[in-house]
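Read through the structure below, which is laid out as structure tokens, and then see the notes.
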Amino acid sequence: MAEPAGRTLGDEELAALERVIRSGMLNSVWGSEARALEREVAELYGSRHAIACSSGTAALHLSVVAAAPDPGDEIITTPITDFGTVAPILAQNAVPVFADVDPSDGNLDPDAVAALIGPRTRAIMVVHLFGAPARVGELRRLADRHGLTLIEDCAQAWLTELPGGRYAGTAGHVGTLSLQQWKHITCGDGGLTLTDDDELARRMRLFADKGWDRAAGRSHESLGLNYRMTELQAAVARAQLAKLPGVVESRRRTAAELIAALRALDLGLGLPRPDGHAWWLFPIVLPGGDAAGLAAHLSAAGVPARAGYLREPLNHAPLWDGPIYGSSRYPLRDYRPAPCPEAERLVAATLLTVEWNEHYTSEHVKVIAEAVADYSARA
């Protein structure tokens with residue numbers, strides 16, 4: 001099975017780039033494309049504010065800035081995620097605390113989060129892994145009860161739906177989105193944050209623009225970096241945004257077909273719950289283990305699949321054994337991440353992911369299901 005390209009880049013994006021280049025203004029401070037993208041995303045999500053920035057990791061850094069941790073404060077997050085979720089925590093001299101996950105989907109377990117809340121906890125950062133909706137209703141109640149900021153990492157979860165019809169990214173105090181090359185829509189790299197809170201939005205806008213209060217002339221109100229999105233990025237992202245509903249609908253259609261096909265095989269696989277799912281990847285849980293064996297078999301059959309998603313969960317990443325800044329381990333000192341048994345088992349043995357995109361067809365679904373059936377018959 002040849003892997004579909006999974007991109008919708010074409011004439012619309014070329015026209016958007018030409019529009020910006022002919023305007024002569026590629027910088028979003030003085031241009032109009034980034035501000036238009038912010039308005040369009042805010043309208044789509046029903047959010048008061050959307051702030052564009054240079055990457056999904058930058059968006060997460062802005063979200064940590066919004067939470068305003070003091071040095072040494074803790075932010076609880078998941079060990080099954082890209083390091084872009086965790087790097088901004090360290091960048092603000094805060095400490096990541098890893099909570100275990102629900103073994104059925106790899107998303108944060110609210111009970112595990114609750115057990116880790118302490119006097120230095122400042123925020124909870126939840127990831128909607130692979131596009132599956134996390135239990136953010138429970139996490140928001142937990143955050144509100146303890147006076148914490150809830151951050152939603154929606155890099156893999158464009159238009160993921162929550163119970164009640166809201167989109168992922170709108171249940172927390174801040175939501176973040178990614179426009180990296182392999183996300184649902186792309187401008188190569190880019191990100192946005194969402195919030196209904198005027199003060200959090202102010203902090204994030206300032207930090208993304210070097211703390212520059214442009215209404216006050218050349219005056220820098222606070223610490224900030226240059227995380228500005230360019231007009232070229234924004235123009236491509238706007239063209240992509242128009243295609244987003246179709247991208248997600250197509251992924252949902254073929255994912256539903258694969259769920260039905262695999263369920264009919266009756267192999268005892270842990271299949272994803274389709275409700276609200278946006279299908280960045282298609283995850284399968286093998287309760288008895290041997291995800292590596294099935295992934296190898298699928299790959300040999302031409303199906304793009306891999307076991308574990310990560311080499312190791314982030315609570316076992318090598319970086320915890322070395323310095324963070326220069327030769328210093330600050331803010332970690334004697335830090336040692338706690339075990340997360342469910343996450344560790346998923347990554348080591350039970351989790352398999354199949355690449356997924358909007359160009360998959362019913363024929364692709366058939367090939368995948370037949371390859372899974374063939375592996376089971378040989379086992």
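Going by the structure tokens order, chains are called A, B, ..., each with residues numbered from 1, while ligands are numbered from 1 in the order shown.
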Listing only residues of segment 218-276 of chain A within 9 Å of segment 125-139 of chain A, what is the closest atom pair and its distance in Å (to one decimal) for each, using only C-alpha atoms, sorted by chain and residue number ascending, as a Markdown table?
```
| residue | atom | partner | partner_atom | distance |
| --- | --- | --- | --- | --- |
| A:Pro272 | CA | A:Ala132 | CA | 8.1 |
| A:Arg273 | CA | A:Ala132 | CA | 7.8 |
| A:Pro274 | CA | A:Ala132 | CA | 7.9 |
| A:Asp275 | CA | A:Pro133 | CA | 8.1 |
| A:Gly276 | CA | A:Pro133 | CA | 6.4 |
```
With segment 342-352 of chain A as the partner and 12 Å as the cut-off, tabulate the residues of segment 76-162 of chain A that qualify, each row holding the nearest pair of atoms and their distance in Å to one decimal, using only C-alpha atoms, sorted by chain and rising number, as a tab-separated table.
```
residue	atom	partner	partner_atom	distance
A:Thr78	CA	A:Ala343	CA	8.7
A:Pro79	CA	A:Ala343	CA	6.9
A:Ile80	CA	A:Ala343	CA	6.7
A:Thr81	CA	A:Ala343	CA	10.5
A:Phe98	CA	A:Ala343	CA	10.0
A:Ala99	CA	A:Ala343	CA	9.0
A:Asp100	CA	A:Ala343	CA	6.1
A:Val101	CA	A:Ala343	CA	5.8
A:Asp102	CA	A:Glu342	CA	7.1
A:Pro103	CA	A:Glu342	CA	5.7
A:Ser104	CA	A:Leu346	CA	9.1
A:Asp105	CA	A:Leu351	CA	9.0
A:Gly106	CA	A:Ala343	CA	6.8
A:Asn107	CA	A:Ala343	CA	9.2
A:Leu108	CA	A:Ala343	CA	9.5
A:Asp109	CA	A:Glu342	CA	9.9
A:Ala112	CA	A:Glu342	CA	10.7
A:Phe130	CA	A:Leu352	CA	11.6
```
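Nearest to Leu298 of chain A of all the residues A:Ala256, A:Val354, A:Val86, A:Leu244 is A:Val354, counting only C-alpha atoms.
You will find atom CA of Ala216 of chain A at 27.7 Å from atom CA of His173 of chain A.
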